[in-house]
Amino acid sequence: MQRLSILKFLNNKYVAYGVAGIFLFISILLGISIGSVHVSMVTIIQIICAKLFGGISLGSIDPMYSSIVLNIRLPRVILAGLVGAALAISGAAFQGLLRNPLADPYTLGVSSGASVGAVLTLFFHLSIPFIGSFTLPLLSILFSFFTIFLVLAFARKIERSMRVETIILTGIIFSSFLGALISLMIALTGDELRQIIGWLLGSVSMRGWEYIKIILPFFIIGSAILIFNAKELNAVSFGEERAQHLGVNVQKRKLVILTAGSILTGAAVAVSGTIGFVGLVIPHLSRIIWGPDHRHLLPLSILTGSGFLILADLLSRTIISPTELPIGVITALIGAPVFALILLQRKRMERSG
């Protein structure tokens, strides 16, 4: 009874956004504050306010702290937040669209496709004229979209009804195949080996403001498309036939949502490498706590996914300091047990129900 009352309290949309917003705010402050050099939270706020509003004197604050906050930790925290938000909202959309908690950019093969595009760009030093630094995310997005198109086409070939289980199994098959292609490219590479392997393990270290500029436009576009289609996602989550009866053009909306998810995943993979379990666990936990309404689930997934990856990155660089672990290792170590517990609890509820 107490648990039900807590969940009812959290389901209030104002409380939900308040809790998620506070979680993100605390994560940002901790991410900037903690490291080899500790920076107090008061100092952080003073430095950021002085940068944002100008004309504010930093007084006796050491310039070293200002440099650490503005040039190293703040861009790293913002990038981690954007990547976590992108993976979480795309995972929430895929789970709603396919009506399965196992659906996410990784199980559907989207991230593997994005990884192939990114590795090819790094391997061949590709640069599209007039685009420059945007070559990496654009090719990642194109490959991620091409992969999801192939997954759906192959699933349709196997089973015309395209059951969710068939789509996910097809995604896992494609993901394994594309993973083998990436391994082949790594085996053939020379000087770029360390860079590609480090990138594949997932990291937001030493990326700087340039990478934020790369992911930000794609994040805004992809997130806006998904949030704009939240009502249609609600309808589709009850079944395609019911959605059609409600006047939803299911095939069109499915294509739009998958495209937006591919944009978000491709951009995230391009700037940070492969980071698993964020798009799987965060939307599922958000759905349990705050309910399945995608009008609120998608924005809440952005906030919680962002905060989660900032904390995961903080853990990756402090747990065995001064050595830094790949952030993908941390998310897998946290995400896999949590998701296993969720599945066990889900199974128990089905048996008891």
# chains A, B, ... in the order shown; residues from 1 in each chain; ligands from 1
>>> residues_around(residues="A:Met206", least_positions_apart="5", cutoff="10 Å", atoms="only C-alpha atoms", output="list in words")
Asn71, Ile72, Arg73, Pro75, Arg76 and Tyr211 of chain A
>>> write_last_selection(atoms="N, CA and C atoms", output="CSV table (one decimal), in the first residue's frame")
chain,number,residue,atom,x,y,z
A,71,ASN,N,36.7,24.7,-19.7
A,71,ASN,CA,37.4,24.1,-20.9
A,71,ASN,C,37.5,22.6,-20.8
A,72,ILE,N,37.3,22.0,-19.6
A,72,ILE,CA,37.5,20.5,-19.5
A,72,ILE,C,36.2,19.9,-19.0
A,73,ARG,N,35.7,20.2,-17.8
A,73,ARG,CA,34.6,19.5,-17.2
A,73,ARG,C,33.2,19.8,-17.7
A,75,PRO,N,32.2,21.1,-20.8
A,75,PRO,CA,31.9,20.5,-22.1
A,75,PRO,C,31.8,18.9,-22.0
A,76,ARG,N,32.6,18.3,-21.1
A,76,ARG,CA,32.5,16.9,-21.0
A,76,ARG,C,31.1,16.5,-20.4
A,211,TYR,N,32.6,18.9,-30.3
A,211,TYR,CA,31.7,17.7,-30.4
A,211,TYR,C,30.3,18.0,-29.9
>>> residues_around(residues="A:Glu232", least_positions_apart="5", cutoff="9 Å", atoms="only C-alpha atoms", output="list of chain:residue names")
A:Ser237, A:Ala243, A:Val248, A:Asn249, A:Val250, A:Arg253, A:His294
>>> residues_around(residues="A:Pro137", least_positions_apart="6", cutoff="7 Å", atoms="only C-alpha atoms", output="VMD selection string")
chain A and resid 266 to 267 270
>>> residues_around(residues="A:Leu264", least_positions_apart="3", cutoff="6 Å", atoms="only C-alpha atoms", output="list in words")
Ala86, Phe219, Gly222, Gly261 and Ala267 of chain A
>>> residues_around(residues="stretch 121-133 of chain A", least_positions_apart="4", cutoff="9 Å", atoms="only C-alpha atoms", output="NGL selection string")
:A and (116-117 or 137 or 139-140 or 185-186 or 189 or 192-193 or 195-196 or 210-211 or 214)
>>> select_by_dssp(residues="stretch 162-257 of chain A", states="helix (DSSP H, G or I)", output="PyMOL selection string")
chain A and resi 164-188+193-200+208-228+230-236+240-245+250-257
>>> closest_residue(among="A:Ile212, A:Phe134, A:Pro322, A:Arg163", to="A:Ala118", atoms="only C-alpha atoms")
A:Phe134
>>> residues_around(residues="A:Lys254", least_positions_apart="6", cutoff="12 Å", atoms="only C-alpha atoms", output="PyMOL selection string")
chain A and resi 93-94+96-98+148-149+152+225-226+229-230+232-233+235-237+240+243+248+260-261
>>> residues_around(residues="A:Ile89", least_positions_apart="5", cutoff="6 Å", atoms="only C-alpha atoms", output="PDB file with N, CA and C atoms, in the first residue's frame")
ATOM      1  N   LEU A 298       8.798  10.634 -22.817  1.00  0.00           N
ATOM      2  CA  LEU A 298       9.926  11.035 -23.659  1.00  0.00           C
ATOM      3  C   LEU A 298      10.748  12.164 -23.033  1.00  0.00           C
ATOM      4  N   SER A 301      12.534  10.796 -19.965  1.00  0.00           N
ATOM      5  CA  SER A 301      13.658   9.929 -20.354  1.00  0.00           C
ATOM      6  C   SER A 301      14.876  10.764 -20.725  1.00  0.00           C
ATOM      7  N   ILE A 302      14.640  11.918 -21.361  1.00  0.00           N
ATOM      8  CA  ILE A 302      15.740  12.833 -21.688  1.00  0.00           C
ATOM      9  C   ILE A 302      16.457  13.280 -20.407  1.00  0.00           C
TER      10      ILE A 302
END
>>> closest_residue(among="A:Tyr65, A:Phe53, A:Tyr14, A:Trp199", to="A:Val37", atoms="only C-alpha atoms")
A:Tyr65
>>> atom_distance(atom1="atom CA of A:Gly54", atom2="atom CA of A:Leu79")
23.4 Å
>>> closest_residue(among="A:Leu311, A:Ala88, A:Ile167, A:Leu74", to="A:Gly276", atoms="only C-alpha atoms")
A:Ala88
>>> atom_distance(atom1="atom CA of A:Thr107", atom2="atom CA of A:Thr170")
9.0 Å
>>> decode(residues="stretch 311-326 of chain A", atoms="all heavy atoms", output="PDB file, in the first residue's frame")
ATOM      1  N   LEU A 311      26.566  10.741 -14.463  1.00  0.00           N
ATOM      2  CA  LEU A 311      27.067  10.036 -13.276  1.00  0.00           C
ATOM      3  C   LEU A 311      27.919   8.825 -13.666  1.00  0.00           C
ATOM      4  O   LEU A 311      28.919   8.531 -13.004  1.00  0.00           O
ATOM      5  CB  LEU A 311      25.893   9.596 -12.397  1.00  0.00           C
ATOM      6  CG  LEU A 311      25.098  10.717 -11.720  1.00  0.00           C
ATOM      7  CD1 LEU A 311      23.960  10.139 -10.893  1.00  0.00           C
ATOM      8  CD2 LEU A 311      26.009  11.577 -10.831  1.00  0.00           C
ATOM      9  N   ALA A 312      27.519   8.125 -14.732  1.00  0.00           N
ATOM     10  CA  ALA A 312      28.304   6.977 -15.209  1.00  0.00           C
ATOM     11  C   ALA A 312      29.684   7.433 -15.673  1.00  0.00           C
ATOM     12  O   ALA A 312      30.698   6.777 -15.401  1.00  0.00           O
ATOM     13  CB  ALA A 312      27.571   6.267 -16.344  1.00  0.00           C
ATOM     14  N   ASP A 313      29.737   8.579 -16.358  1.00  0.00           N
ATOM     15  CA  ASP A 313      31.020   9.132 -16.807  1.00  0.00           C
ATOM     16  C   ASP A 313      31.867   9.555 -15.610  1.00  0.00           C
ATOM     17  O   ASP A 313      33.085   9.346 -15.591  1.00  0.00           O
ATOM     18  CB  ASP A 313      30.770  10.318 -17.735  1.00  0.00           C
ATOM     19  CG  ASP A 313      32.072  10.973 -18.180  1.00  0.00           C
ATOM     20  OD1 ASP A 313      32.939  10.268 -18.721  1.00  0.00           O
ATOM     21  OD2 ASP A 313      32.229  12.192 -17.964  1.00  0.00           O
ATOM     22  N   LEU A 314      31.227  10.148 -14.609  1.00  0.00           N
ATOM     23  CA  LEU A 314      31.934  10.539 -13.382  1.00  0.00           C
ATOM     24  C   LEU A 314      32.563   9.311 -12.721  1.00  0.00           C
ATOM     25  O   LEU A 314      33.727   9.340 -12.303  1.00  0.00           O
ATOM     26  CB  LEU A 314      30.960  11.222 -12.414  1.00  0.00           C
ATOM     27  CG  LEU A 314      31.488  11.551 -11.013  1.00  0.00           C
ATOM     28  CD1 LEU A 314      32.656  12.526 -11.085  1.00  0.00           C
ATOM     29  CD2 LEU A 314      30.372  12.121 -10.143  1.00  0.00           C
ATOM     30  N   LEU A 315      31.791   8.235 -12.658  1.00  0.00           N
ATOM     31  CA  LEU A 315      32.295   6.992 -12.062  1.00  0.00           C
ATOM     32  C   LEU A 315      33.447   6.421 -12.887  1.00  0.00           C
ATOM     33  O   LEU A 315      34.438   5.932 -12.332  1.00  0.00           O
ATOM     34  CB  LEU A 315      31.152   5.972 -11.972  1.00  0.00           C
ATOM     35  CG  LEU A 315      31.348   4.755 -11.073  1.00  0.00           C
ATOM     36  CD1 LEU A 315      31.582   5.165  -9.631  1.00  0.00           C
ATOM     37  CD2 LEU A 315      30.125   3.833 -11.169  1.00  0.00           C
ATOM     38  N   SER A 316      33.333   6.511 -14.209  1.00  0.00           N
ATOM     39  CA  SER A 316      34.361   5.935 -15.090  1.00  0.00           C
ATOM     40  C   SER A 316      35.718   6.610 -14.915  1.00  0.00           C
ATOM     41  O   SER A 316      36.761   5.981 -15.094  1.00  0.00           O
ATOM     42  CB  SER A 316      33.919   6.034 -16.556  1.00  0.00           C
ATOM     43  OG  SER A 316      34.033   7.352 -17.045  1.00  0.00           O
ATOM     44  N   ARG A 317      35.714   7.900 -14.562  1.00  0.00           N
ATOM     45  CA  ARG A 317      36.999   8.612 -14.448  1.00  0.00           C
ATOM     46  C   ARG A 317      37.499   8.741 -13.014  1.00  0.00           C
ATOM     47  O   ARG A 317      38.585   9.275 -12.792  1.00  0.00           O
ATOM     48  CB  ARG A 317      36.906   9.992 -15.102  1.00  0.00           C
ATOM     49  CG  ARG A 317      35.865  10.931 -14.539  1.00  0.00           C
ATOM     50  CD  ARG A 317      35.804  12.205 -15.379  1.00  0.00           C
ATOM     51  NE  ARG A 317      34.633  13.018 -15.090  1.00  0.00           N
ATOM     52  CZ  ARG A 317      34.566  13.948 -14.151  1.00  0.00           C
ATOM     53  NH1 ARG A 317      35.618  14.164 -13.375  1.00  0.00           N
ATOM     54  NH2 ARG A 317      33.467  14.650 -13.970  1.00  0.00           N
ATOM     55  N   THR A 318      36.718   8.273 -12.041  1.00  0.00           N
ATOM     56  CA  THR A 318      37.153   8.405 -10.640  1.00  0.00           C
ATOM     57  C   THR A 318      37.323   7.071  -9.920  1.00  0.00           C
ATOM     58  O   THR A 318      38.025   7.008  -8.922  1.00  0.00           O
ATOM     59  CB  THR A 318      36.136   9.252  -9.838  1.00  0.00           C
ATOM     60  OG1 THR A 318      34.837   8.672  -9.938  1.00  0.00           O
ATOM     61  CG2 THR A 318      36.101  10.681 -10.361  1.00  0.00           C
ATOM     62  N   ILE A 319      36.677   5.995 -10.429  1.00  0.00           N
ATOM     63  CA  ILE A 319      36.649   4.740  -9.676  1.00  0.00           C
ATOM     64  C   ILE A 319      38.041   4.142  -9.500  1.00  0.00           C
ATOM     65  O   ILE A 319      38.355   3.564  -8.451  1.00  0.00           O
ATOM     66  CB  ILE A 319      35.669   3.736 -10.335  1.00  0.00           C
ATOM     67  CG1 ILE A 319      35.415   2.564  -9.388  1.00  0.00           C
ATOM     68  CG2 ILE A 319      36.157   3.281 -11.695  1.00  0.00           C
ATOM     69  CD1 ILE A 319      34.270   1.661  -9.827  1.00  0.00           C
ATOM     70  N   ILE A 320      38.906   4.260 -10.531  1.00  0.00           N
ATOM     71  CA  ILE A 320      40.284   3.769 -10.400  1.00  0.00           C
ATOM     72  C   ILE A 320      41.256   4.873 -10.830  1.00  0.00           C
ATOM     73  O   ILE A 320      42.223   4.627 -11.541  1.00  0.00           O
ATOM     74  CB  ILE A 320      40.534   2.467 -11.183  1.00  0.00           C
ATOM     75  CG1 ILE A 320      40.124   2.625 -12.655  1.00  0.00           C
ATOM     76  CG2 ILE A 320      39.849   1.292 -10.561  1.00  0.00           C
ATOM     77  CD1 ILE A 320      40.580   1.464 -13.537  1.00  0.00           C
ATOM     78  N   SER A 321      40.941   6.102 -10.420  1.00  0.00           N
ATOM     79  CA  SER A 321      41.759   7.271 -10.769  1.00  0.00           C
ATOM     80  C   SER A 321      43.226   7.031 -10.403  1.00  0.00           C
ATOM     81  O   SER A 321      43.515   6.409  -9.364  1.00  0.00           O
ATOM     82  CB  SER A 321      41.220   8.489 -10.020  1.00  0.00           C
ATOM     83  OG  SER A 321      41.970   9.623 -10.340  1.00  0.00           O
ATOM     84  N   PRO A 322      44.183   7.441 -11.239  1.00  0.00           N
ATOM     85  CA  PRO A 322      44.068   8.312 -12.415  1.00  0.00           C
ATOM     86  C   PRO A 322      43.714   7.599 -13.716  1.00  0.00           C
ATOM     87  O   PRO A 322      43.551   8.243 -14.743  1.00  0.00           O
ATOM     88  CB  PRO A 322      45.463   8.927 -12.522  1.00  0.00           C
ATOM     89  CG  PRO A 322      46.375   7.863 -12.008  1.00  0.00           C
ATOM     90  CD  PRO A 322      45.611   7.156 -10.923  1.00  0.00           C
ATOM     91  N   THR A 323      43.622   6.256 -13.704  1.00  0.00           N
ATOM     92  CA  THR A 323      43.216   5.542 -14.915  1.00  0.00           C
ATOM     93  C   THR A 323      41.725   5.757 -15.164  1.00  0.00           C
ATOM     94  O   THR A 323      40.929   5.796 -14.232  1.00  0.00           O
ATOM     95  CB  THR A 323      43.491   4.021 -14.769  1.00  0.00           C
ATOM     96  OG1 THR A 323      44.871   3.840 -14.451  1.00  0.00           O
ATOM     97  CG2 THR A 323      43.171   3.285 -16.056  1.00  0.00           C
ATOM     98  N   GLU A 324      41.367   5.888 -16.433  1.00  0.00           N
ATOM     99  CA  GLU A 324      39.974   6.143 -16.793  1.00  0.00           C
ATOM    100  C   GLU A 324      39.382   4.934 -17.515  1.00  0.00           C
ATOM    101  O   GLU A 324      39.961   4.439 -18.479  1.00  0.00           O
ATOM    102  CB  GLU A 324      39.885   7.376 -17.689  1.00  0.00           C
ATOM    103  CG  GLU A 324      38.468   7.830 -17.959  1.00  0.00           C
ATOM    104  CD  GLU A 324      38.421   9.169 -18.669  1.00  0.00           C
ATOM    105  OE1 GLU A 324      39.095  10.107 -18.205  1.00  0.00           O
ATOM    106  OE2 GLU A 324      37.728   9.264 -19.703  1.00  0.00           O
ATOM    107  N   LEU A 325      38.253   4.454 -17.026  1.00  0.00           N
ATOM    108  CA  LEU A 325      37.568   3.337 -17.663  1.00  0.00           C
ATOM    109  C   LEU A 325      36.684   3.833 -18.808  1.00  0.00           C
ATOM    110  O   LEU A 325      36.165   4.953 -18.743  1.00  0.00           O
ATOM    111  CB  LEU A 325      36.686   2.600 -16.653  1.00  0.00           C
ATOM    112  CG  LEU A 325      37.376   1.750 -15.590  1.00  0.00           C
ATOM    113  CD1 LEU A 325      36.339   1.245 -14.585  1.00  0.00           C
ATOM    114  CD2 LEU A 325      38.095   0.565 -16.229  1.00  0.00           C
ATOM    115  N   PRO A 326      36.481   3.013 -19.848  1.00  0.00           N
ATOM    116  CA  PRO A 326      35.511   3.383 -20.886  1.00  0.00           C
ATOM    117  C   PRO A 326      34.115   3.476 -20.274  1.00  0.00           C
ATOM    118  O   PRO A 326      33.723   2.623 -19.464  1.00  0.00           O
ATOM    119  CB  PRO A 326      35.597   2.223 -21.890  1.00  0.00           C
ATOM    120  CG  PRO A 326      36.918   1.572 -21.622  1.00  0.00           C
ATOM    121  CD  PRO A 326      37.170   1.751 -20.166  1.00  0.00           C
TER     122      PRO A 326
END
